[in-house]
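The data block below is input-v6.tsv; it holds TSV, C-alpha atoms and all ligand atoms.
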```
chain	number	residue	atom	x	y	z
L	20	MET	CA	0.00	0.00	0.00
L	21	LEU	CA	1.46	3.33	-1.11
L	22	VAL	CA	0.31	6.34	0.95
L	23	LEU	CA	0.78	9.93	-0.21
L	24	GLY	CA	0.79	12.32	2.77
L	25	ILE	CA	0.22	16.08	2.66
L	26	GLU	CA	0.88	18.43	5.60
L	27	SER	CA	-0.23	22.08	5.45
L	28	SER	CA	-1.47	22.96	8.95
L	29	CYS	CA	0.82	25.90	9.63
L	30	ASP	CA	3.98	27.26	8.02
L	31	GLU	CA	5.55	24.20	6.37
L	32	THR	CA	4.28	22.45	3.26
L	33	GLY	CA	5.25	18.79	3.50
L	34	VAL	CA	4.62	15.93	1.09
L	35	ALA	CA	5.76	12.32	1.45
L	36	LEU	CA	5.33	8.77	0.23
L	37	VAL	CA	5.18	5.92	2.74
L	38	GLU	CA	4.84	2.27	1.82
L	39	SER	CA	3.29	-0.38	4.02
L	40	SER	CA	3.17	-4.11	3.57
L	41	GLY	CA	0.48	-4.46	6.24
L	42	THR	CA	2.88	-6.02	8.73
L	43	GLY	CA	5.74	-4.31	10.53
L	44	VAL	CA	6.50	-0.62	10.48
L	45	PRO	CA	5.70	1.26	7.21
L	46	VAL	CA	8.71	2.55	5.28
L	47	LEU	CA	9.36	6.13	4.19
L	48	ARG	CA	10.07	6.20	0.42
L	49	SER	CA	10.58	9.95	-0.04
L	50	HIS	CA	9.63	13.26	1.45
L	51	ALA	CA	9.93	16.93	0.52
L	52	LEU	CA	9.40	20.06	2.54
L	53	HIS	CA	9.09	23.76	1.95
L	54	SER	CA	9.43	25.97	5.01
L	55	GLN	CA	7.76	29.39	4.94
L	56	ILE	CA	9.89	30.70	7.80
L	57	GLU	CA	11.72	33.23	5.65
L	58	MET	CA	8.45	34.61	4.27
L	59	HIS	CA	6.88	35.11	7.72
L	60	GLN	CA	10.06	36.41	9.36
L	61	ALA	CA	9.44	39.98	8.23
L	62	TYR	CA	6.15	39.94	10.20
L	63	GLY	CA	7.54	38.36	13.39
L	64	GLY	CA	5.10	35.44	13.18
L	65	VAL	CA	2.89	33.39	10.87
L	66	VAL	CA	0.49	35.40	8.67
L	67	PRO	CA	-2.35	32.91	8.01
L	68	GLU	CA	-3.42	34.30	4.63
L	69	LEU	CA	0.16	34.27	3.31
L	70	ALA	CA	0.61	30.75	4.66
L	71	SER	CA	-2.44	29.45	2.71
L	72	ARG	CA	-1.35	31.12	-0.51
L	73	ASP	CA	2.13	29.70	-0.23
L	74	HIS	CA	0.84	26.15	0.44
L	75	ILE	CA	-1.16	26.46	-2.81
L	76	ARG	CA	1.99	27.41	-4.69
L	77	ARG	CA	4.17	24.67	-3.22
L	78	VAL	CA	2.13	21.53	-2.75
L	79	LEU	CA	1.96	20.10	-6.28
L	80	PRO	CA	5.62	20.78	-7.19
L	81	LEU	CA	6.60	19.07	-3.90
L	82	ALA	CA	4.38	16.12	-4.83
L	83	GLN	CA	6.11	15.85	-8.21
L	84	GLN	CA	9.43	15.88	-6.38
L	85	VAL	CA	8.54	12.98	-4.04
L	86	PHE	CA	7.29	10.83	-6.95
L	87	ALA	CA	10.48	11.50	-8.90
L	88	GLU	CA	12.67	10.72	-5.87
L	89	ALA	CA	10.81	7.49	-5.05
L	90	GLY	CA	10.65	6.40	-8.70
L	91	ARG	CA	6.87	6.06	-8.42
L	92	MET	CA	3.92	7.44	-10.34
L	93	LEU	CA	0.81	9.18	-9.09
L	94	SER	CA	-1.30	6.33	-10.46
L	95	GLN	CA	0.44	3.91	-8.04
L	96	VAL	CA	-0.91	5.71	-4.95
L	97	ASP	CA	-3.42	3.66	-2.93
L	98	VAL	CA	-4.45	6.26	-0.34
L	99	VAL	CA	-4.10	10.05	-0.14
L	100	ALA	CA	-3.66	11.31	3.42
L	101	TYR	CA	-3.79	14.93	4.59
L	102	THR	CA	-3.72	16.88	7.84
L	103	ARG	CA	-7.32	17.50	8.86
L	104	GLY	CA	-6.45	19.50	12.00
L	105	PRO	CA	-5.61	21.11	14.31
L	106	GLY	CA	-4.06	24.14	12.65
L	107	LEU	CA	-4.87	27.26	10.64
L	108	ALA	CA	-8.21	26.75	8.87
L	109	GLY	CA	-7.20	28.27	5.52
L	110	ALA	CA	-3.88	26.42	5.51
L	111	LEU	CA	-5.54	23.09	6.36
L	112	LEU	CA	-8.08	23.61	3.57
L	113	VAL	CA	-5.30	23.75	0.97
L	114	GLY	CA	-3.91	20.31	1.88
L	115	ALA	CA	-7.37	18.81	2.32
L	116	GLY	CA	-8.59	20.28	-0.98
L	117	VAL	CA	-5.59	19.05	-2.96
L	118	ALA	CA	-5.69	15.60	-1.32
L	119	CYS	CA	-9.39	15.12	-2.00
L	120	ALA	CA	-9.08	16.40	-5.58
L	121	LEU	CA	-6.23	13.96	-6.22
L	122	GLY	CA	-8.20	11.14	-4.59
L	123	ALA	CA	-11.30	11.90	-6.68
L	124	ALA	CA	-9.27	12.15	-9.90
L	125	LEU	CA	-7.49	8.85	-9.20
L	126	GLY	CA	-10.57	7.11	-7.82
L	127	LYS	CA	-8.57	6.37	-4.65
L	128	PRO	CA	-9.69	6.85	-1.03
L	129	VAL	CA	-8.55	9.68	1.24
L	130	LEU	CA	-7.86	9.88	4.96
L	131	GLY	CA	-7.75	12.97	7.22
L	132	VAL	CA	-5.01	12.73	9.84
L	133	HIS	CA	-4.71	14.41	13.25
L	134	HIS	CA	-1.55	16.54	13.14
L	135	LEU	CA	-0.54	15.62	16.71
L	136	GLU	CA	-0.97	11.91	16.02
L	137	GLY	CA	1.49	12.50	13.18
L	138	HIS	CA	4.01	13.98	15.62
L	139	LEU	CA	3.30	11.21	18.14
L	140	LEU	CA	3.98	8.43	15.64
L	141	SER	CA	6.91	10.16	13.89
L	142	PRO	CA	9.54	8.29	16.00
L	143	PHE	CA	8.40	5.14	14.15
L	144	LEU	CA	10.20	6.63	11.13
L	145	SER	CA	13.52	6.57	13.00
L	146	ALA	CA	16.18	3.87	12.89
L	147	ASP	CA	15.25	2.95	16.48
L	148	PRO	CA	11.44	2.81	16.49
L	149	PRO	CA	9.62	2.48	19.84
L	150	GLN	CA	7.27	-0.28	20.91
L	151	PHE	CA	3.87	0.20	22.54
L	152	PRO	CA	3.02	1.01	25.30
L	153	PHE	CA	4.86	4.25	26.06
L	154	VAL	CA	4.54	7.67	27.63
L	155	ALA	CA	4.59	10.44	25.03
L	156	LEU	CA	5.76	13.98	25.68
L	157	LEU	CA	4.26	16.04	22.88
L	158	VAL	CA	5.85	19.47	22.74
L	159	SER	CA	5.02	21.64	19.74
L	160	GLY	CA	4.36	25.30	19.07
L	161	GLY	CA	0.72	25.00	20.11
L	162	HIS	CA	0.59	21.95	22.38
L	163	THR	CA	2.25	20.53	25.47
L	164	GLN	CA	0.84	17.18	26.52
L	165	LEU	CA	1.82	14.02	28.34
L	166	MET	CA	0.02	10.98	27.06
L	167	ARG	CA	-0.19	7.30	27.76
L	168	VAL	CA	-0.07	5.50	24.40
L	169	ASP	CA	-1.14	1.85	24.34
L	170	GLY	CA	-1.35	1.48	20.58
L	171	VAL	CA	-2.36	3.29	17.41
L	172	GLY	CA	-5.44	5.37	18.27
L	173	ARG	CA	-5.26	4.44	21.98
L	174	TYR	CA	-4.29	7.70	23.63
L	175	GLU	CA	-5.00	8.68	27.22
L	176	MET	CA	-4.25	12.25	28.28
L	177	LEU	CA	-2.19	12.37	31.47
L	178	GLY	CA	-1.64	16.11	31.59
L	179	GLU	CA	-1.47	19.18	29.39
L	180	THR	CA	-0.83	22.88	29.47
L	181	ILE	CA	-3.51	25.05	30.97
L	182	ASP	CA	-2.31	28.13	29.03
L	183	ASP	CA	0.75	28.58	26.77
L	184	ALA	CA	2.57	25.65	25.17
L	185	ALA	CA	6.30	25.05	25.72
L	186	GLY	CA	7.02	26.09	22.12
L	187	GLU	CA	5.02	29.27	22.69
L	188	ALA	CA	7.11	30.01	25.81
L	189	PHE	CA	10.26	29.65	23.70
L	190	ASP	CA	8.81	31.75	20.86
L	191	LYS	CA	7.34	34.55	22.99
L	192	SER	CA	10.44	34.85	25.20
L	193	ALA	CA	12.62	34.91	22.10
L	194	LYS	CA	10.45	37.59	20.52
L	195	LEU	CA	10.78	39.93	23.48
L	196	MET	CA	14.54	39.41	23.39
L	197	GLY	CA	14.45	40.46	19.72
L	198	LEU	CA	15.47	37.03	18.42
L	199	GLY	CA	12.90	36.83	15.62
L	200	TYR	CA	10.63	33.96	14.60
L	201	PRO	CA	10.52	31.04	15.19
L	202	GLY	CA	12.24	31.80	18.46
L	203	GLY	CA	12.91	28.31	19.86
L	204	PRO	CA	16.00	27.39	17.84
L	205	ALA	CA	17.42	30.96	18.07
L	206	LEU	CA	16.92	31.16	21.84
L	207	SER	CA	18.46	27.74	22.27
L	208	ARG	CA	21.52	28.72	20.21
L	209	LEU	CA	22.04	31.91	22.20
L	210	ALA	CA	21.55	30.03	25.49
L	211	GLN	CA	24.71	28.03	24.83
L	212	GLN	CA	26.75	31.16	25.55
L	213	GLY	CA	24.82	32.06	28.72
L	214	ASP	CA	24.60	31.05	32.36
L	215	PRO	CA	21.39	29.10	33.09
L	216	LYS	CA	21.59	30.14	36.76
L	217	ALA	CA	21.98	33.86	36.05
L	218	PHE	CA	18.30	34.68	36.63
L	219	LYS	CA	15.87	33.00	38.98
L	220	LEU	CA	12.83	32.30	36.84
L	221	PRO	CA	9.68	30.43	37.97
L	222	ARG	CA	9.13	26.72	37.25
L	223	PRO	CA	5.33	26.86	36.91
L	224	LEU	CA	3.32	23.96	38.38
L	225	LEU	CA	6.53	22.02	39.10
L	226	HIS	CA	5.14	20.83	42.44
L	227	SER	CA	1.45	20.89	41.51
L	228	GLY	CA	1.02	17.19	42.21
L	229	ASN	CA	-0.45	16.59	38.77
L	230	LEU	CA	0.92	16.37	35.23
L	231	ASP	CA	-0.41	19.68	33.94
L	232	PHE	CA	1.81	22.49	32.66
L	233	SER	CA	1.57	26.29	32.64
L	234	PHE	CA	4.02	28.55	30.84
L	235	ALA	CA	2.21	31.91	30.68
L	236	GLY	CA	3.68	33.06	34.03
L	237	LEU	CA	7.18	32.19	32.92
L	238	LYS	CA	6.80	34.34	29.83
L	239	THR	CA	5.65	37.24	32.04
L	240	ALA	CA	8.62	36.71	34.36
L	241	VAL	CA	10.99	36.82	31.37
L	242	MET	CA	9.32	40.04	30.23
L	243	THR	CA	9.63	41.61	33.69
L	244	GLN	CA	13.30	40.60	33.86
L	245	ALA	CA	13.98	42.02	30.39
L	246	LYS	CA	12.35	45.33	31.38
L	247	LYS	CA	14.33	45.45	34.61
L	248	LEU	CA	17.55	44.97	32.67
L	249	GLY	CA	16.68	47.87	30.34
L	250	GLU	CA	19.84	49.05	28.61
L	251	GLU	CA	21.76	46.14	30.07
L	252	LEU	CA	19.61	43.62	28.17
L	253	PRO	CA	21.82	43.24	25.07
L	254	ALA	CA	24.82	42.35	27.25
L	255	ARG	CA	22.80	39.90	29.39
L	256	LYS	CA	20.65	38.37	26.63
L	257	ALA	CA	22.53	35.08	26.53
L	258	ASP	CA	22.14	34.69	30.31
L	259	LEU	CA	18.42	35.41	30.09
L	260	ALA	CA	18.04	32.96	27.19
L	261	ALA	CA	19.91	30.25	29.12
L	262	SER	CA	17.83	30.85	32.26
L	263	THR	CA	14.59	30.68	30.24
L	264	GLU	CA	15.58	27.48	28.49
L	265	ALA	CA	16.64	25.91	31.80
L	266	ALA	CA	13.26	26.73	33.37
L	267	ILE	CA	11.23	25.26	30.47
L	268	VAL	CA	13.40	22.15	30.23
L	269	GLU	CA	13.33	21.48	33.98
L	270	VAL	CA	9.52	21.45	34.04
L	271	LEU	CA	9.27	19.22	30.95
L	272	LEU	CA	11.87	16.85	32.40
L	273	LYS	CA	10.36	16.54	35.89
L	274	LYS	CA	6.80	16.01	34.65
L	275	SER	CA	7.90	13.41	32.09
L	276	MET	CA	9.78	11.44	34.75
L	277	THR	CA	6.75	11.64	37.08
L	278	ALA	CA	4.48	10.38	34.29
L	279	LEU	CA	6.80	7.40	33.75
L	280	LYS	CA	6.86	6.65	37.46
L	281	GLU	CA	3.07	6.94	37.85
L	282	THR	CA	2.26	4.75	34.83
L	283	GLY	CA	5.07	2.28	35.53
L	284	LEU	CA	5.97	2.40	31.82
L	285	THR	CA	9.60	2.11	30.76
L	286	ARG	CA	9.51	3.87	27.39
L	287	LEU	CA	9.31	7.56	26.62
L	288	VAL	CA	8.64	9.06	23.20
L	289	VAL	CA	9.37	12.75	22.69
L	290	ALA	CA	7.76	14.43	19.68
L	291	GLY	CA	6.99	17.87	18.27
L	292	GLY	CA	9.22	20.83	17.41
L	293	VAL	CA	10.55	21.43	20.94
L	294	GLY	CA	11.75	17.81	20.90
L	295	ALA	CA	14.61	19.12	18.73
L	296	ASN	CA	15.93	21.09	21.72
L	297	GLY	CA	19.46	19.99	22.60
L	298	LEU	CA	19.27	20.66	26.35
L	299	LEU	CA	15.95	18.83	26.66
L	300	ARG	CA	17.41	15.79	24.88
L	301	GLU	CA	20.58	15.86	26.97
L	302	GLN	CA	18.72	16.04	30.28
L	303	LEU	CA	16.04	13.50	29.31
L	304	ASN	CA	18.73	11.08	28.11
L	305	ALA	CA	20.56	11.34	31.44
L	306	ALA	CA	17.43	11.02	33.60
L	307	CYS	CA	16.05	8.13	31.53
L	308	ALA	CA	19.37	6.28	31.69
L	309	ARG	CA	19.27	6.60	35.50
L	310	ALA	CA	15.64	5.39	35.61
L	311	ARG	CA	16.33	2.58	33.11
L	312	VAL	CA	13.83	4.04	30.67
L	313	ARG	CA	14.29	3.83	26.87
L	314	VAL	CA	13.76	7.20	25.24
L	315	HIS	CA	12.89	7.63	21.56
L	316	TYR	CA	12.94	10.74	19.39
L	317	PRO	CA	12.00	11.36	15.78
L	318	GLU	CA	14.96	11.96	13.46
L	319	LEU	CA	15.99	15.58	14.03
L	320	HIS	CA	14.72	16.74	10.61
L	321	LEU	CA	11.32	15.11	11.30
L	322	CYS	CA	10.81	16.80	14.71
L	323	THR	CA	9.14	19.85	13.21
L	324	ASP	CA	6.18	19.69	10.81
L	325	ASN	CA	6.55	17.44	7.77
L	326	GLY	CA	4.55	15.27	5.37
L	327	ALA	CA	6.28	12.02	6.35
L	328	MET	CA	4.59	11.90	9.76
L	329	ILE	CA	1.17	12.42	8.15
L	330	ALA	CA	1.66	9.61	5.61
L	331	MET	CA	3.08	7.43	8.42
L	332	ALA	CA	0.15	8.05	10.80
L	333	ALA	CA	-2.32	7.24	8.00
L	334	ALA	CA	-0.49	4.00	7.10
L	335	MET	CA	-0.32	2.94	10.76
L	336	ARG	CA	-4.04	3.67	11.33
L	337	LEU	CA	-4.95	1.65	8.25
L	338	ASP	CA	-2.63	-1.24	9.18
L	339	ALA	CA	-4.02	-1.31	12.75
L	340	HIS	CA	-7.59	-1.27	11.36
L	341	VAL	CA	-8.57	1.68	13.54
L	342	GLN	CA	-9.78	3.62	10.51
L	343	THR	CA	-10.64	3.04	6.87
L	344	ALA	CA	-9.94	5.53	4.08
L	345	THR	CA	-12.98	6.98	2.36
L	346	THR	CA	-14.12	7.83	-1.15
L	347	GLU	CA	-16.46	10.43	0.38
L	348	TYR	CA	-14.64	13.49	-0.94
L	349	ALA	CA	-16.82	16.12	0.77
L	350	PHE	CA	-14.08	17.09	3.21
L	351	ASP	CA	-13.95	19.37	6.20
L	352	VAL	CA	-11.08	20.49	8.43
L	353	LYS	CA	-10.84	20.79	12.21
L	354	PRO	CA	-8.77	23.83	13.27
L	355	ARG	CA	-9.37	22.84	16.92
L	356	TRP	CA	-9.31	19.13	17.58
L	357	PRO	CA	-8.21	17.62	20.93
L	358	LEU	CA	-6.17	14.46	20.39
L	359	ASP	CA	-8.08	12.49	23.00
L	360	GLN	CA	-11.28	13.12	20.99
L	361	LEU	CA	-9.78	11.20	18.09
L	362	THR	CA	-11.69	8.03	17.35
L	401	LIG	O1	5.82	20.82	15.95
L	401	LIG	P1	6.15	22.12	15.36
L	401	LIG	O2	7.05	22.16	14.15
L	401	LIG	O3	4.89	22.92	14.95
L	401	LIG	C1	3.67	22.85	15.61
L	401	LIG	O4	2.92	21.88	15.36
L	401	LIG	O5	3.46	23.76	16.44
L	401	LIG	O6	6.79	22.98	16.54
L	401	LIG	C2	7.23	24.29	16.37
L	401	LIG	C3	7.76	24.79	17.71
L	401	LIG	C4	8.08	26.27	17.70
L	401	LIG	O7	7.53	26.83	18.88
L	401	LIG	C5	9.60	26.32	17.73
L	401	LIG	O8	10.12	27.47	18.33
L	401	LIG	C6	9.92	25.07	18.52
L	401	LIG	O9	8.99	24.11	18.05
L	401	LIG	N1	11.29	24.57	18.31
L	401	LIG	C7	12.24	24.58	19.28
L	401	LIG	C8	13.41	24.07	18.68
L	401	LIG	N2	13.14	23.76	17.37
L	401	LIG	C9	11.82	24.08	17.17
L	401	LIG	N3	12.19	24.97	20.55
L	401	LIG	C10	13.31	24.87	21.28
L	401	LIG	N4	14.48	24.39	20.79
L	401	LIG	C11	14.58	24.00	19.51
L	401	LIG	N5	15.72	23.52	19.04
L	402	ZN	ZN	3.39	20.35	14.48
```
Starting from the file, give its structure as structure tokens.
Amino acid sequence: MLVLGIESSCDETGVALVESSGTGVPVLRSHALHSQIEMHQAYGGVVPELASRDHIRRVLPLAQQVFAEAGRMLSQVDVVAYTRGPGLAGALLVGAGVACALGAALGKPVLGVHHLEGHLLSPFLSADPPQFPFVALLVSGGHTQLMRVDGVGRYEMLGETIDDAAGEAFDKSAKLMGLGYPGGPALSRLAQQGDPKAFKLPRPLLHSGNLDFSFAGLKTAVMTQAKKLGEELPARKADLAASTEAAIVEVLLKKSMTALKETGLTRLVVAGGVGANGLLREQLNAACARARVRVHYPELHLCTDNGAMIAMAAAMRLDAHVQTATTEYAFDVKPRWPLDQLT
């Protein structure tokens, strides 16, 4: 079964081909990505209308690229998968529209994928794929969740953010330090030259006794600190970046280890853009080694949004018989769509 996957939920257009034999883990044949980061940079964040227009421009040329690279033809596709949500409505509609038009033209079924399920299952594309069950730490620009995962489609929410996501904390802190968009990677790079103990920043909900997160207060504390520094800020920026990163990472680390302890599970999967963070990986690796827990990450280039994870999630759902693809081409998208409401 050859699955074409299309991702267009935010600011990356991703297209990929995944092949599944029905048993074992599906195999990635090719994938192509166009990032809109440069286009949105001038505005300091994603401009939804520009994002949609750019997805329209990019998606079919990227599709041609993945077919050429895989040595396959469009007519060989068995299922067309696309991101149905969550994400920007206009951006999602581009991928959904193209996927359903291709499906209708080919007479092949389509399948709408949950973007976060894509992230969650993306470590299965790595050389060291996980095994069920596991605890998943899902840390993207819009979501921060800890989940118990017993199989494809079997997700139990253990805790989530009650306000900002971890990625948002990185992005907003970076923005007020003048580091541009997206802020996470830039803040992390700058942090390497700073002292993580330079500023005492809050670790929200660290001792809350549950697995929920909150990062809005941290962002405010960073803002207050930046204002206090005033003219000194440029000279102390690396210290502030390092202190911010240390605070975010400590909370993510502690809550993940608590989730593992409470569930008694011995595998951790880390997915979503913030999963690319070097300090988070370093500290999780050390803590998991001490706790005898196996930790799995997606390949670094598949941490942020991509089409491969969408094709992969579709193939795994079909193989596990939790969903069938449909030839009902009257599509809709779900800009807001909690993962635990996925059936
Ligand atoms: O999963 P993703 O690509 O998009 C969403 O679905 O949201 O995640 C993007 C988020 C952004 O907030 C970005 O700043 C953050 O991931 N990010 C990082 C790093 N790379 C990406 N945050 C910290 N360190 C990084 N190395
Ligand atoms: Zn994402």
Please find the residues contacting ligand ZN 402 (chain L) at a distance of at most 7 Å between atoms, with all atoms listed in the file counted, and report them as a compact mmCIF listing (two decimals) with C-alpha atoms, keeping the file's coordinate frame.
```txt
# COMPACT_ATOMS: atom_id res chain seq x y z
CA HIS L 134 -1.55 16.54 13.14
CA LEU L 135 -0.54 15.62 16.71
CA HIS L 138 4.01 13.98 15.62
CA SER L 159 5.02 21.64 19.74
CA GLY L 160 4.36 25.30 19.07
CA GLY L 291 6.99 17.87 18.27
CA GLY L 292 9.22 20.83 17.41
CA THR L 323 9.14 19.85 13.21
CA ASP L 324 6.18 19.69 10.81
```
Work out where the centre of an axis-aligned box around every listed atom of range 28-33 of chain L lies and how long its edges are once 8 Å is added on each side; give both in Å to one decimal as lines of an AutoDock Vina configuration file.
```
center_x = 2.0
center_y = 23.0
center_z = 6.4
size_x = 23.0
size_y = 24.5
size_z = 22.4
```
**Report entry** Protein and nucleic residues near ligand LIG 401 (chain L), 9 Å, only C-alpha atoms and all ligand atoms, as number ranges by chain
**Finding:** L: 28-31, 105-106, 134-135, 138, 157-162, 184-191, 193, 200-208, 264, 290-299, 321-325
How about saving the chosen residues, C-alpha atoms kept, as a compact mmCIF listing (two decimals), in the frame of the given file?
```
# COMPACT_ATOMS: atom_id res chain seq x y z
CA SER L 28 -1.47 22.96 8.95
CA CYS L 29 0.82 25.90 9.63
CA ASP L 30 3.98 27.26 8.02
CA GLU L 31 5.55 24.20 6.37
CA PRO L 105 -5.61 21.11 14.31
CA GLY L 106 -4.06 24.14 12.65
CA HIS L 134 -1.55 16.54 13.14
CA LEU L 135 -0.54 15.62 16.71
CA HIS L 138 4.01 13.98 15.62
CA LEU L 157 4.26 16.04 22.88
CA VAL L 158 5.85 19.47 22.74
CA SER L 159 5.02 21.64 19.74
CA GLY L 160 4.36 25.30 19.07
CA GLY L 161 0.72 25.00 20.11
CA HIS L 162 0.59 21.95 22.38
CA ALA L 184 2.57 25.65 25.17
CA ALA L 185 6.30 25.05 25.72
CA GLY L 186 7.02 26.09 22.12
CA GLU L 187 5.02 29.27 22.69
CA ALA L 188 7.11 30.01 25.81
CA PHE L 189 10.26 29.65 23.70
CA ASP L 190 8.81 31.75 20.86
CA LYS L 191 7.34 34.55 22.99
CA ALA L 193 12.62 34.91 22.10
CA TYR L 200 10.63 33.96 14.60
CA PRO L 201 10.52 31.04 15.19
CA GLY L 202 12.24 31.80 18.46
CA GLY L 203 12.91 28.31 19.86
CA PRO L 204 16.00 27.39 17.84
CA ALA L 205 17.42 30.96 18.07
CA LEU L 206 16.92 31.16 21.84
CA SER L 207 18.46 27.74 22.27
CA ARG L 208 21.52 28.72 20.21
CA GLU L 264 15.58 27.48 28.49
CA ALA L 290 7.76 14.43 19.68
CA GLY L 291 6.99 17.87 18.27
CA GLY L 292 9.22 20.83 17.41
CA VAL L 293 10.55 21.43 20.94
CA GLY L 294 11.75 17.81 20.90
CA ALA L 295 14.61 19.12 18.73
CA ASN L 296 15.93 21.09 21.72
CA GLY L 297 19.46 19.99 22.60
CA LEU L 298 19.27 20.66 26.35
CA LEU L 299 15.95 18.83 26.66
CA LEU L 321 11.32 15.11 11.30
CA CYS L 322 10.81 16.80 14.71
CA THR L 323 9.14 19.85 13.21
CA ASP L 324 6.18 19.69 10.81
CA ASN L 325 6.55 17.44 7.77
```
Query - Residues near Ala339 in chain L, cut-off 7 Å, all atoms listed in the file, skip fewer than 3 positions along chain, as a ChimeraX atom specification - result: /L:171,335-336
Query raised in the report: How far is it from CA of Phe234 in chain L to CA of Asp183 in chain L, in Å with one decimal?
Result: 5.2 Å
Requested in this report: Just give me the gap between CA of Gly116 in chain L and CA of Leu81 in chain L in Å, one decimal is fine.
Outcome: 15.5 Å
Report task. For Phe86 in chain L, work out the shell of residues within 12 Å, counting all atoms listed in the file and skipping chain neighbours fewer than 2 positions away, then give it as a list in words. Result -> Leu21, Val22, Leu23, Gly24, Val34, Ala35, Leu36, Val37, Arg48, Ser49, His50, Ala51, Leu79, Pro80, Leu81, Ala82, Gln83, Gln84, Glu88, Ala89, Gly90, Arg91, Met92, Leu93, Ser94, Gln95 and Val96 of chain L
**Report entry** Who sits within 7 Å of Pro149 in chain L, only C-alpha atoms, same chain under 6 positions skipped, as JSON, numbers by chain
**Finding:** {"L": [142, 143, 315]}
Report task. Could you give me, as number ranges by chain, the residues within 6 Å of Leu165 in chain L, counting only C-alpha atoms and dropping anything in the same chain fewer than 5 positions from it? Result -> L: 155-156, 177-178
Query raised in the report: Using all atoms listed in the file, which residue out of L:Glu318, L:Asp147, L:Asp258, L:Glu179 lies closest to Asp214 in chain L?
Result: L:Asp258
Report task. Would you work out the distance separating CA of Gly43 in chain L from CA of Gly131 in chain L, expressed in Å to one decimal? Result ->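 Computing it gives 22.2 Å between the two atoms.
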**Report entry** Nearest to Arg300 in chain L, chosen from L:Val268, L:Val117, L:Gly63, L:Leu284, with all atoms listed in the file counted in the distances
**Finding:**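 Nearest candidate to Arg300 in chain L out of L:Val268, L:Val117, L:Gly63, L:Leu284: L:Val268.
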**Report entry** Nearest to Ala260 in chain L by atom-to-atom distance, counting all atoms listed in the file, from L:Leu220, L:Leu303, L:Ala118, L:Ala210
**Finding:** L:Ala210
Query raised in the report: Closest to Ala330 in chain L among L:Leu195, L:Ile56, L:Leu248, L:Val132, using only C-alpha atoms?
Result: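 Once distances to Ala330 in chain L are computed over only C-alpha atoms, the minimum belongs to L:Val132.
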Query raised in the report: Counting all atoms listed in the file, which of L:Pro67, L:Pro317, L:Gly283, L:Pro221 gets nearest to Ser141 in chain L?
Result: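 Among the listed residues, L:Pro317 lies closest to Ser141 in chain L.
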Query raised in the report: Given the choices L:Leu230, L:Gly249, L:Thr180, L:Leu237, which gets closest to Leu279 in chain L if the distance is worked out from all atoms listed in the file?
Result: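 Answer, going by the shortest atom-to-atom distance: L:Leu230.
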**Report entry** Residues near range 345-357 of chain L, cut-off 9 Å, only C-alpha atoms, skip fewer than 4 positions along chain, as a VMD selection string
**Finding:** chain L and resid 28 98 102 to 108 111 to 112 115 to 116 119 to 120 122 to 123 126 to 131 133 135 361
Keeping only C-alpha atoms, write the selected residues to a file as a PDB file, in the coordinates of the input.
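Listed below is the output, selection-v4.pdb:
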```
ATOM      1  CA  SER L  28      -1.470  22.960   8.950  1.00  0.00           C
ATOM      2  CA  VAL L  98      -4.450   6.260  -0.340  1.00  0.00           C
ATOM      3  CA  THR L 102      -3.720  16.880   7.840  1.00  0.00           C
ATOM      4  CA  ARG L 103      -7.320  17.500   8.860  1.00  0.00           C
ATOM      5  CA  GLY L 104      -6.450  19.500  12.000  1.00  0.00           C
ATOM      6  CA  PRO L 105      -5.610  21.110  14.310  1.00  0.00           C
ATOM      7  CA  GLY L 106      -4.060  24.140  12.650  1.00  0.00           C
ATOM      8  CA  LEU L 107      -4.870  27.260  10.640  1.00  0.00           C
ATOM      9  CA  ALA L 108      -8.210  26.750   8.870  1.00  0.00           C
ATOM     10  CA  LEU L 111      -5.540  23.090   6.360  1.00  0.00           C
ATOM     11  CA  LEU L 112      -8.080  23.610   3.570  1.00  0.00           C
ATOM     12  CA  ALA L 115      -7.370  18.810   2.320  1.00  0.00           C
ATOM     13  CA  GLY L 116      -8.590  20.280  -0.980  1.00  0.00           C
ATOM     14  CA  CYS L 119      -9.390  15.120  -2.000  1.00  0.00           C
ATOM     15  CA  ALA L 120      -9.080  16.400  -5.580  1.00  0.00           C
ATOM     16  CA  GLY L 122      -8.200  11.140  -4.590  1.00  0.00           C
ATOM     17  CA  ALA L 123     -11.300  11.900  -6.680  1.00  0.00           C
ATOM     18  CA  GLY L 126     -10.570   7.110  -7.820  1.00  0.00           C
ATOM     19  CA  LYS L 127      -8.570   6.370  -4.650  1.00  0.00           C
ATOM     20  CA  PRO L 128      -9.690   6.850  -1.030  1.00  0.00           C
ATOM     21  CA  VAL L 129      -8.550   9.680   1.240  1.00  0.00           C
ATOM     22  CA  LEU L 130      -7.860   9.880   4.960  1.00  0.00           C
ATOM     23  CA  GLY L 131      -7.750  12.970   7.220  1.00  0.00           C
ATOM     24  CA  HIS L 133      -4.710  14.410  13.250  1.00  0.00           C
ATOM     25  CA  LEU L 135      -0.540  15.620  16.710  1.00  0.00           C
ATOM     26  CA  LEU L 361      -9.780  11.200  18.090  1.00  0.00           C
TER      27      LEU L 361
END
```
